[in-house]
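File shown here: upload_27.txt, holding compact mmCIF, C-alpha atoms and all ligand atoms.
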# COMPACT_ATOMS: atom_id res chain seq x y z
CA MET L 1 -3.78 -33.19 -8.56
CA SER L 2 -3.82 -35.67 -11.39
CA ALA L 3 -0.26 -36.54 -12.37
CA LYS L 4 -1.48 -37.37 -15.89
CA ILE L 5 -1.98 -33.77 -16.97
CA VAL L 6 1.06 -32.68 -18.91
CA ASN L 7 -0.52 -30.01 -21.03
CA ASN L 8 -1.96 -26.82 -19.76
CA LEU L 9 -4.47 -25.23 -22.13
CA SER L 10 -3.86 -21.46 -22.14
CA ALA L 11 -5.02 -18.32 -23.99
CA VAL L 12 -1.73 -17.02 -25.37
CA LEU L 13 -1.26 -13.64 -27.01
CA HIS L 14 1.50 -14.00 -29.63
CA LYS L 15 1.21 -10.57 -31.23
CA VAL L 16 -1.37 -7.95 -32.09
CA ASP L 17 -4.63 -9.66 -33.13
CA ASP L 18 -3.10 -13.10 -32.61
CA LEU L 19 -4.63 -14.72 -29.52
CA ARG L 20 -4.48 -18.52 -29.56
CA LEU L 21 -5.70 -21.29 -27.31
CA GLU L 22 -2.73 -23.64 -27.08
CA GLU L 23 -1.07 -26.04 -24.72
CA TRP L 24 1.68 -24.72 -22.50
CA PRO L 25 3.68 -26.83 -20.05
CA MET L 26 2.18 -27.68 -16.68
CA PRO L 27 3.74 -25.56 -13.93
CA ALA L 28 6.22 -27.33 -11.64
CA SER L 29 5.14 -28.32 -8.14
CA PRO L 30 4.62 -25.27 -5.92
CA GLN L 31 7.66 -24.00 -4.07
CA SER L 32 7.70 -22.66 -0.55
CA ASN L 33 5.00 -20.01 -0.01
CA GLN L 34 3.31 -21.03 -3.29
CA VAL L 35 0.03 -22.70 -4.07
CA LEU L 36 -0.72 -24.52 -7.32
CA LEU L 37 -4.11 -23.36 -8.57
CA ARG L 38 -6.61 -24.71 -11.09
CA THR L 39 -8.36 -21.79 -12.75
CA LYS L 40 -12.14 -21.75 -12.52
CA CYS L 41 -12.98 -18.51 -14.32
CA VAL L 42 -11.43 -15.26 -15.45
CA GLY L 43 -12.96 -11.85 -16.21
CA ILE L 44 -11.76 -9.84 -19.21
CA CYS L 45 -10.28 -6.44 -18.36
CA GLY L 46 -9.88 -3.51 -20.76
CA SER L 47 -6.11 -4.01 -20.48
CA ASP L 48 -6.34 -7.60 -21.83
CA VAL L 49 -8.25 -6.29 -24.86
CA HIS L 50 -5.76 -3.43 -25.25
CA TYR L 51 -2.75 -5.78 -25.34
CA TRP L 52 -4.61 -7.95 -27.86
CA LYS L 53 -5.37 -4.99 -30.15
CA HIS L 54 -2.24 -2.83 -29.62
CA GLY L 55 0.50 -5.10 -28.21
CA ARG L 56 1.45 -2.54 -25.58
CA ILE L 57 0.25 -0.30 -22.77
CA GLY L 58 2.60 2.60 -22.12
CA ASN L 59 6.08 1.16 -21.64
CA PHE L 60 4.83 -2.42 -21.28
CA LEU L 61 5.52 -3.92 -24.66
CA LEU L 62 4.60 -7.44 -25.76
CA ASP L 63 7.83 -8.79 -27.22
CA GLU L 64 7.30 -12.46 -26.43
CA PRO L 65 4.07 -14.47 -26.14
CA ILE L 66 2.23 -14.23 -22.81
CA ILE L 67 -0.93 -15.74 -21.36
CA LEU L 68 -3.62 -13.07 -20.86
CA GLY L 69 -6.03 -12.64 -17.92
CA HIS L 70 -5.68 -11.40 -14.35
CA GLU L 71 -9.20 -11.32 -12.85
CA THR L 72 -9.22 -14.79 -11.42
CA CYS L 73 -11.13 -17.33 -9.38
CA ALA L 74 -9.33 -20.64 -8.84
CA GLU L 75 -9.12 -23.72 -6.66
CA VAL L 76 -6.10 -24.90 -4.68
CA VAL L 77 -4.81 -28.24 -6.01
CA GLU L 78 -1.46 -28.46 -4.19
CA VAL L 79 0.26 -26.46 -1.46
CA GLY L 80 3.98 -25.78 -1.34
CA PRO L 81 6.24 -26.44 1.65
CA GLY L 82 5.48 -24.20 4.62
CA VAL L 83 2.04 -23.09 3.41
CA THR L 84 -0.31 -23.58 6.35
CA ASN L 85 -3.32 -21.39 5.60
CA PHE L 86 -4.59 -23.21 2.48
CA LYS L 87 -5.70 -26.75 1.80
CA VAL L 88 -6.52 -28.62 -1.38
CA GLY L 89 -10.05 -27.68 -2.53
CA ASP L 90 -10.08 -24.11 -1.14
CA ARG L 91 -11.64 -21.66 -3.59
CA VAL L 92 -9.60 -18.49 -3.92
CA CYS L 93 -9.05 -15.26 -5.81
CA THR L 94 -5.58 -13.98 -6.56
CA GLU L 95 -3.99 -10.56 -6.15
CA PRO L 96 -2.21 -10.46 -9.51
CA ALA L 97 0.59 -7.96 -8.88
CA VAL L 98 3.29 -9.42 -6.65
CA PRO L 99 6.00 -7.00 -5.52
CA CYS L 100 9.66 -7.71 -4.76
CA ARG L 101 9.03 -7.22 -0.98
CA LEU L 102 12.65 -6.01 -0.58
CA CYS L 103 12.94 -2.49 -2.00
CA SER L 104 12.43 0.67 0.06
CA THR L 105 9.03 1.25 -1.57
CA CYS L 106 7.88 -2.21 -0.49
CA LYS L 107 9.37 -1.79 2.96
CA GLU L 108 7.64 1.55 3.44
CA GLY L 109 4.37 -0.24 2.70
CA TYR L 110 3.63 1.08 -0.80
CA TYR L 111 4.04 -2.32 -2.35
CA ASN L 112 1.68 -1.59 -5.26
CA LEU L 113 4.24 0.99 -6.45
CA CYS L 114 7.24 -1.40 -6.34
CA ALA L 115 9.43 -0.95 -9.43
CA ASN L 116 10.12 -4.70 -9.49
CA ILE L 117 6.51 -5.85 -9.34
CA SER L 118 5.40 -8.75 -11.52
CA CYS L 119 1.78 -8.62 -12.55
CA HIS L 120 -0.32 -11.26 -14.30
CA ALA L 121 -0.79 -10.47 -17.99
CA THR L 122 1.55 -7.47 -17.96
CA PRO L 123 4.50 -8.19 -20.28
CA PRO L 124 6.72 -10.07 -19.82
CA HIS L 125 4.61 -11.86 -17.19
CA SER L 126 1.92 -14.37 -18.07
CA GLY L 127 -1.59 -14.31 -16.65
CA THR L 128 -4.27 -16.74 -15.61
CA LEU L 129 -6.27 -17.67 -18.72
CA THR L 130 -4.67 -21.05 -18.28
CA GLN L 131 -5.80 -24.21 -16.55
CA TYR L 132 -3.06 -24.32 -13.90
CA PHE L 133 -0.64 -21.78 -12.41
CA ASN L 134 1.44 -21.26 -9.27
CA HIS L 135 0.91 -18.19 -7.11
CA PRO L 136 2.39 -16.88 -3.85
CA ALA L 137 0.17 -17.93 -0.94
CA ASP L 138 0.29 -14.47 0.64
CA TYR L 139 -1.21 -12.95 -2.52
CA THR L 140 -3.98 -15.56 -2.59
CA PHE L 141 -7.28 -15.11 -0.71
CA LYS L 142 -9.98 -17.61 0.22
CA ILE L 143 -13.47 -16.69 -0.90
CA PRO L 144 -16.53 -17.56 1.18
CA GLU L 145 -18.78 -20.52 0.39
CA GLN L 146 -21.74 -18.37 -0.62
CA MET L 147 -19.66 -16.42 -3.19
CA THR L 148 -19.92 -17.75 -6.76
CA ASP L 149 -16.81 -18.42 -8.84
CA GLU L 150 -17.81 -15.55 -11.14
CA GLU L 151 -18.00 -13.13 -8.23
CA GLY L 152 -14.63 -14.46 -7.10
CA ALA L 153 -13.18 -13.43 -10.47
CA MET L 154 -14.57 -9.90 -9.99
CA ILE L 155 -12.84 -9.32 -6.66
CA GLU L 156 -9.77 -8.01 -8.49
CA PRO L 157 -11.47 -5.12 -10.37
CA LEU L 158 -13.67 -4.48 -7.32
CA THR L 159 -10.48 -4.01 -5.32
CA VAL L 160 -9.39 -1.20 -7.66
CA ALA L 161 -12.54 0.58 -6.46
CA VAL L 162 -12.09 -0.33 -2.80
CA TYR L 163 -8.62 1.17 -2.89
CA ALA L 164 -9.78 4.32 -4.74
CA CYS L 165 -12.57 4.85 -2.18
CA ARG L 166 -10.07 4.35 0.63
CA ARG L 167 -7.70 6.87 -0.96
CA ALA L 168 -10.63 9.29 -1.20
CA GLN L 169 -11.74 8.55 2.38
CA VAL L 170 -15.32 7.87 1.37
CA THR L 171 -17.28 7.58 4.60
CA VAL L 172 -20.84 7.95 5.89
CA GLY L 173 -22.52 11.13 4.68
CA LYS L 174 -20.11 12.08 1.90
CA THR L 175 -21.29 13.27 -1.51
CA VAL L 176 -19.39 11.65 -4.35
CA LEU L 177 -19.05 12.34 -8.07
CA ILE L 178 -17.91 9.39 -10.19
CA THR L 179 -16.93 10.21 -13.76
CA GLY L 180 -17.28 7.23 -16.13
CA ALA L 181 -19.59 4.25 -15.59
CA GLY L 182 -17.52 1.43 -17.09
CA PRO L 183 -16.84 -1.56 -14.83
CA ILE L 184 -14.40 0.45 -12.70
CA GLY L 185 -16.85 3.34 -12.25
CA LEU L 186 -19.69 0.91 -11.51
CA PHE L 187 -17.61 -0.89 -8.87
CA ASN L 188 -16.80 2.52 -7.36
CA ILE L 189 -20.51 3.33 -7.10
CA MET L 190 -21.15 0.06 -5.26
CA VAL L 191 -18.22 0.54 -2.91
CA ALA L 192 -18.97 4.22 -2.19
CA LYS L 193 -22.57 3.33 -1.28
CA ALA L 194 -21.42 0.34 0.79
CA LEU L 195 -19.08 2.68 2.71
CA GLY L 196 -21.99 5.00 3.48
CA ALA L 197 -21.80 7.75 0.85
CA GLU L 198 -24.99 9.75 1.16
CA GLN L 199 -25.29 10.69 -2.51
CA VAL L 200 -23.45 9.44 -5.56
CA VAL L 201 -23.76 11.21 -8.91
CA VAL L 202 -22.31 9.55 -12.00
CA THR L 203 -21.42 10.89 -15.44
CA ASP L 204 -21.00 9.05 -18.73
CA ILE L 205 -21.39 9.69 -22.44
CA ASN L 206 -23.32 6.44 -22.79
CA GLU L 207 -26.93 6.34 -21.64
CA LYS L 208 -26.96 2.55 -21.23
CA ARG L 209 -24.05 2.76 -18.81
CA LEU L 210 -25.89 5.42 -16.80
CA LYS L 211 -28.95 3.15 -16.52
CA LEU L 212 -26.66 0.46 -15.18
CA ALA L 213 -25.15 2.99 -12.78
CA GLN L 214 -28.61 3.63 -11.38
CA SER L 215 -29.31 -0.06 -11.08
CA VAL L 216 -26.20 -0.59 -8.91
CA GLY L 217 -26.92 2.31 -6.57
CA ALA L 218 -26.16 5.70 -8.16
CA ASP L 219 -28.53 8.35 -6.78
CA HIS L 220 -28.21 10.62 -9.82
CA THR L 221 -26.77 10.45 -13.31
CA VAL L 222 -25.63 13.15 -15.72
CA LEU L 223 -25.31 12.42 -19.44
CA ILE L 224 -22.31 14.16 -20.99
CA THR L 225 -22.74 15.31 -24.58
CA LYS L 226 -20.30 17.16 -26.81
CA ALA L 227 -22.54 20.19 -26.62
CA THR L 228 -22.43 20.45 -22.81
CA GLU L 229 -20.39 23.42 -21.59
CA GLU L 230 -18.07 22.72 -18.65
CA ASP L 231 -19.34 25.51 -16.44
CA LYS L 232 -22.94 24.47 -16.96
CA LEU L 233 -22.01 20.89 -16.11
CA VAL L 234 -20.40 21.99 -12.85
CA THR L 235 -23.55 23.93 -11.98
CA GLU L 236 -25.77 20.98 -12.88
CA ILE L 237 -23.77 18.64 -10.64
CA GLY L 238 -24.01 21.10 -7.74
CA GLN L 239 -27.76 21.49 -8.23
CA THR L 240 -28.27 17.74 -8.45
CA LEU L 241 -26.45 17.11 -5.17
CA GLY L 242 -27.55 20.27 -3.36
CA GLN L 243 -23.83 21.04 -2.88
CA MET L 244 -20.58 20.47 -4.74
CA PRO L 245 -19.20 16.92 -4.25
CA ASP L 246 -16.83 16.30 -1.32
CA ILE L 247 -15.08 13.68 -3.42
CA THR L 248 -14.66 12.95 -7.12
CA ILE L 249 -13.39 9.61 -8.37
CA GLU L 250 -12.33 9.89 -12.02
CA CYS L 251 -12.94 6.56 -13.76
CA SER L 252 -13.04 7.37 -17.48
CA GLY L 253 -9.54 8.54 -18.38
CA ALA L 254 -11.17 11.23 -20.56
CA PRO L 255 -9.30 14.58 -20.28
CA SER L 256 -12.61 16.47 -20.12
CA SER L 257 -13.63 14.32 -17.13
CA THR L 258 -10.37 15.06 -15.34
CA ARG L 259 -11.00 18.77 -15.88
CA LEU L 260 -14.55 18.38 -14.60
CA ALA L 261 -13.29 16.50 -11.55
CA LEU L 262 -11.03 19.40 -10.56
CA MET L 263 -13.65 22.05 -11.26
CA ALA L 264 -16.62 20.35 -9.59
CA THR L 265 -15.02 19.10 -6.38
CA ARG L 266 -15.75 21.39 -3.46
CA GLU L 267 -13.07 23.49 -1.78
CA GLY L 268 -10.94 21.29 0.48
CA GLY L 269 -12.35 18.19 -1.23
CA THR L 270 -10.53 15.29 -2.85
CA VAL L 271 -10.11 14.09 -6.43
CA VAL L 272 -8.84 10.56 -6.99
CA LEU L 273 -7.53 9.78 -10.47
CA VAL L 274 -8.22 6.15 -11.37
CA GLY L 275 -8.75 6.41 -15.14
CA HIS L 276 -5.74 6.30 -17.43
CA GLY L 277 -5.87 8.91 -20.18
CA PRO L 278 -3.26 10.69 -22.29
CA SER L 279 0.00 11.57 -20.51
CA ASN L 280 -0.48 15.30 -20.94
CA VAL L 281 -3.76 17.01 -20.19
CA SER L 282 -4.60 20.70 -19.88
CA LEU L 283 -6.12 21.28 -16.43
CA PRO L 284 -7.55 24.26 -14.50
CA ILE L 285 -4.86 23.71 -11.89
CA ALA L 286 -4.54 27.20 -10.38
CA ASP L 287 -8.21 27.25 -9.41
CA ALA L 288 -7.85 23.77 -7.85
CA ALA L 289 -4.80 25.00 -5.91
CA ILE L 290 -6.43 28.07 -4.40
CA ARG L 291 -9.48 26.03 -3.46
CA GLU L 292 -7.19 23.40 -1.85
CA VAL L 293 -8.56 20.52 -3.87
CA ASN L 294 -6.50 17.45 -3.00
CA ILE L 295 -5.48 15.52 -6.10
CA LEU L 296 -4.49 11.91 -5.51
CA GLY L 297 -3.30 9.18 -7.85
CA SER L 298 -4.56 5.63 -7.41
CA PHE L 299 -2.78 2.61 -8.86
CA ARG L 300 -4.17 -0.89 -8.50
CA TYR L 301 -4.46 -1.49 -4.72
CA ARG L 302 -2.60 -2.43 -1.61
CA ASN L 303 -3.91 -4.33 1.42
CA CYS L 304 -7.50 -4.22 0.13
CA PHE L 305 -8.42 -7.76 -1.01
CA PRO L 306 -9.74 -8.89 2.40
CA LEU L 307 -12.14 -5.93 2.60
CA SER L 308 -13.32 -6.45 -1.00
CA ILE L 309 -14.22 -10.05 -0.34
CA SER L 310 -16.69 -9.03 2.36
CA LEU L 311 -18.23 -6.04 0.64
CA VAL L 312 -20.89 -6.19 -2.04
CA ASN L 313 -23.07 -8.31 -4.31
CA LEU L 314 -21.33 -8.30 -7.68
CA LYS L 315 -23.70 -10.45 -9.73
CA PRO L 316 -25.51 -7.56 -11.46
CA LEU L 317 -22.37 -6.63 -13.38
CA ILE L 318 -21.98 -9.90 -15.31
CA SER L 319 -23.17 -9.31 -18.87
CA HIS L 320 -21.74 -12.32 -20.75
CA ARG L 321 -20.37 -15.79 -20.05
CA PHE L 322 -18.18 -17.82 -22.44
CA SER L 323 -16.55 -21.23 -22.29
CA PHE L 324 -12.74 -21.46 -22.56
CA ASP L 325 -12.92 -22.60 -26.20
CA GLN L 326 -14.95 -19.44 -26.98
CA THR L 327 -12.16 -17.16 -25.70
CA LEU L 328 -11.82 -15.31 -29.00
CA ASP L 329 -15.59 -14.64 -29.11
CA ALA L 330 -15.32 -13.30 -25.56
CA PHE L 331 -12.51 -10.91 -26.57
CA ASN L 332 -14.43 -9.79 -29.66
CA THR L 333 -17.48 -9.04 -27.52
CA ALA L 334 -15.31 -7.04 -25.11
CA PHE L 335 -13.66 -5.20 -28.00
CA LYS L 336 -17.02 -4.16 -29.45
CA GLY L 337 -17.87 -2.64 -26.07
CA GLU L 338 -20.98 -4.79 -25.88
CA GLY L 339 -20.43 -6.11 -22.41
CA VAL L 340 -19.92 -4.92 -18.88
CA LYS L 341 -18.19 -7.79 -17.11
CA ILE L 342 -17.40 -10.70 -19.41
CA ILE L 343 -16.46 -13.98 -17.76
CA ILE L 344 -14.56 -16.86 -19.36
CA LYS L 345 -15.22 -20.19 -17.68
CA VAL L 346 -11.82 -21.87 -17.93
CA GLU L 347 -13.22 -24.87 -16.06
CA PRO L 348 -16.66 -25.95 -17.30
CA ASP L 349 -19.53 -26.03 -14.79
CA ASN L 350 -20.10 -29.46 -13.30
P1 LIG T 401 -14.23 1.47 -19.75
O1 LIG T 401 -13.60 1.99 -20.97
O2 LIG T 401 -15.09 0.26 -19.83
O3 LIG T 401 -15.12 2.62 -19.08
C1 LIG T 401 -14.90 3.97 -19.25
C2 LIG T 401 -16.25 4.67 -19.22
O4 LIG T 401 -16.03 6.07 -19.31
C3 LIG T 401 -17.15 4.25 -20.38
O5 LIG T 401 -18.43 3.89 -19.90
C4 LIG T 401 -17.18 5.52 -21.23
O6 LIG T 401 -18.40 5.67 -21.94
C5 LIG T 401 -16.99 6.60 -20.18
N1 LIG T 401 -16.55 7.90 -20.70
C6 LIG T 401 -15.78 8.17 -21.79
N2 LIG T 401 -15.63 9.50 -21.93
C7 LIG T 401 -16.29 10.09 -20.91
C8 LIG T 401 -16.50 11.42 -20.50
N3 LIG T 401 -16.00 12.44 -21.19
N4 LIG T 401 -17.22 11.65 -19.39
C9 LIG T 401 -17.75 10.62 -18.69
N5 LIG T 401 -17.60 9.34 -19.03
C10 LIG T 401 -16.87 9.07 -20.12
O7 LIG T 401 -13.04 1.25 -18.72
P2 LIG T 401 -13.00 0.58 -17.25
O8 LIG T 401 -12.55 -0.83 -17.36
O9 LIG T 401 -14.23 0.91 -16.48
O10 LIG T 401 -11.76 1.41 -16.66
C11 LIG T 401 -11.89 2.79 -16.46
C12 LIG T 401 -10.53 3.48 -16.47
O11 LIG T 401 -9.78 3.05 -15.34
C13 LIG T 401 -9.67 3.17 -17.69
O12 LIG T 401 -8.97 4.35 -18.06
C14 LIG T 401 -8.69 2.13 -17.17
O13 LIG T 401 -7.47 2.14 -17.89
C15 LIG T 401 -8.50 2.62 -15.76
N6 LIG T 401 -8.05 1.61 -14.78
C16 LIG T 401 -7.24 2.06 -13.81
C17 LIG T 401 -6.81 1.19 -12.83
C18 LIG T 401 -5.90 1.70 -11.74
O14 LIG T 401 -5.31 0.90 -11.05
N7 LIG T 401 -5.79 2.98 -11.54
C19 LIG T 401 -7.22 -0.15 -12.83
C20 LIG T 401 -8.09 -0.57 -13.83
C21 LIG T 401 -8.53 0.32 -14.80
ZN ZN T 402 9.64 -3.72 -4.08

Before anything else, please render the file you have as C-alpha cells.
Ligand code: NAD
Ligand code: ZN
Amino acid sequence: MSAKIVNNLSAVLHKVDDLRLEEWPMPASPQSNQVLLRTKCVGICGSDVHYWKHGRIGNFLLDEPIILGHETCAEVVEVGPGVTNFKVGDRVCTEPAVPCRLCSTCKEGYYNLCANISCHATPPHSGTLTQYFNHPADYTFKIPEQMTDEEGAMIEPLTVAVYACRRAQVTVGKTVLITGAGPIGLFNIMVAKALGAEQVVVTDINEKRLKLAQSVGADHTVLITKATEEDKLVTEIGQTLGQMPDITIECSGAPSSTRLALMATREGGTVVLVGHGPSNVSLPIADAAIREVNILGSFRYRNCFPLSISLVNLKPLISHRFSFDQTLDAFNTAFKGEGVKIIIKVEPDN
C-alpha cells in the first residue's frame, strides 16, 4: 500500500439529506485477524437511502456522522499479523455485520442475532463507501477470478436471499411464492430456481418489476392492484401453480403481502418473513395455526457467504453505474426508485 495516502475519500452522512464526499483519516495498519481493504465498488441498499432521507431505521438513530454503504467488493492491500488465508491483491467481498463472538447467542451459532453486532453503515458504525477500511479476515471472502467487481458487491444482498431460501428449505420440486420483486425478491427468485424450485410465482404492484422477475427466472407473475380481493388472489395463485405454494418468501414488507403469505401457503408449508414493514400488522393467524403454517423470521444471514459466491449470475440486476464523485446522483436515482441494483465505482476502472 502506498504510504503517501493520508486522506481517505468517503461518502459521509452527516444528517438527513446531508451526504457529503469528504476526506476521512486513513485507517491504521490492520491488527491481528484484520485485512486492510481498498474498496472497488459498492451497491446502494434501500437502508442506505433510508438513513439518508430519515436519519434512522427503527432504533438505529444517526446521531453522529457515519460513512454509508455495506454491499462491497474490495481488494486486499495489507494483511494483519496472523492472517494466513489472504494475500495482497486478493479480490474479496465482505460480510458487513460482525458479531461479538462471545455471547450465548453467538456461541449457540446464531451470530446474526448477536445483540453486540457491529454492522457497516448501521449507526454508530461506518460503512464502506470509502477508499480504505479494515475488516476482520474471517468475515472477508475471496471472490473467483471470473466474477466481476460489480457482482462481488452484490454478494451481500444475494446472501440475504440465500439465507431466506435456506430458512424456507427450498429444494428440488418445491413450489414457491415470492411477494415483492425488488432486489431482495429478485435475488430470492434466482436462488430458489438455483436450488431447484419447480415453480416460482412472484407478486408486485409494479409491472416493470414483474417483467424483470420473469427475466431472472420467475415462472409466473401476479400483478397486485388495489382492487384485487385477497380471497381471489389466493385462488389465482393456486390456479397459476396448480396447487398452493409449499413456501412463501415475503420480500415487500407490505402488510397486505404478509397477510397473503399466510393465507396462500399450503397446509404444513412455510412462510419466511424477509421484508420489514410496520411493527404491528393484522394477520389471519388462527387460520394459519390450524393449517400448521410455519412462520419464520429471517434476519440478514449466517454462514451463507461461501454458498452465495458459487451460486448465480448476478449481472442482469445491475441497472445503473456511477463514479464515486457522482455518489449523490446515485442516491437520488435510488431514491426515485428508478433503479434495481445501483453500483458506485469507488475505484475507477483501469
Ligand atoms: P424494495 O422496496 O426495492 O422492493 C420492494 C418491492 O415490493 C417493490 O418492488 C414494491 O413494488 C413491492 N411491493 C410493494 N407493495 C407490495 C404488495 N402489496 N405486494 C407485492 N409487492 C409489493 O426493497 P428491497 O431492497 O427489495 O427489500 C425488500 C424488503 O426486504 C424491504 O422491506 C427491506 O427492508 C427488507 N430487507 C430485509 C433484510 C433482512 O435481513 N431480513 C435484508 C434486506 C432487506
Ligand atoms: Zn454475540

Pick from L:Lys40, L:His120, L:Arg266, L:His54, whichever lies nearest to Gly242 (chain L) using all atoms listed in the file: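 Residue with the minimum atom-to-atom distance to Gly242 (chain L): L:Arg266.
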
Contacts of ligand ZN 402 (chain T), 10 Å or closer, all atoms listed in the file, given as a CSV table (one decimal) with C-alpha atoms, in the frame of the given file:
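The resulting file, result.csv, is reproduced below:
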chain,number,residue,atom,x,y,z
L,98,VAL,CA,3.3,-9.4,-6.6
L,99,PRO,CA,6.0,-7.0,-5.5
L,100,CYS,CA,9.7,-7.7,-4.8
L,101,ARG,CA,9.0,-7.2,-1.0
L,102,LEU,CA,12.6,-6.0,-0.6
L,103,CYS,CA,12.9,-2.5,-2.0
L,104,SER,CA,12.4,0.7,0.1
L,105,THR,CA,9.0,1.2,-1.6
L,106,CYS,CA,7.9,-2.2,-0.5
L,107,LYS,CA,9.4,-1.8,3.0
L,108,GLU,CA,7.6,1.6,3.4
L,109,GLY,CA,4.4,-0.2,2.7
L,110,TYR,CA,3.6,1.1,-0.8
L,111,TYR,CA,4.0,-2.3,-2.4
L,112,ASN,CA,1.7,-1.6,-5.3
L,113,LEU,CA,4.2,1.0,-6.4
L,114,CYS,CA,7.2,-1.4,-6.3
L,115,ALA,CA,9.4,-1.0,-9.4
L,116,ASN,CA,10.1,-4.7,-9.5
L,117,ILE,CA,6.5,-5.8,-9.3
L,118,SER,CA,5.4,-8.8,-11.5

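Using all atoms listed in the file, the shortest contact distance between His320 (chain L) and any of L:Asp219, L:Glu150, L:Glu23, L:Glu145 is found at L:Glu150.
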
Exercise: Pro316 (chain L) partners within 12 Å, all atoms listed in the file, chain neighbours under 5 positions left out, as a PyMOL selection string: chain L and resi 150-151+154+183+186-187+190+212-217+340-342

From L:Glu156, L:Asp149, L:Asp325, L:Asp204, residue lying nearest ligand LIG 401 (chain T) [all atoms listed in the file]: L:Asp204

CA of Pro255 (chain L) to atom O12 of ligand LIG 401 (chain T), distance in Å rounded to a single decimal: 10.5 Å
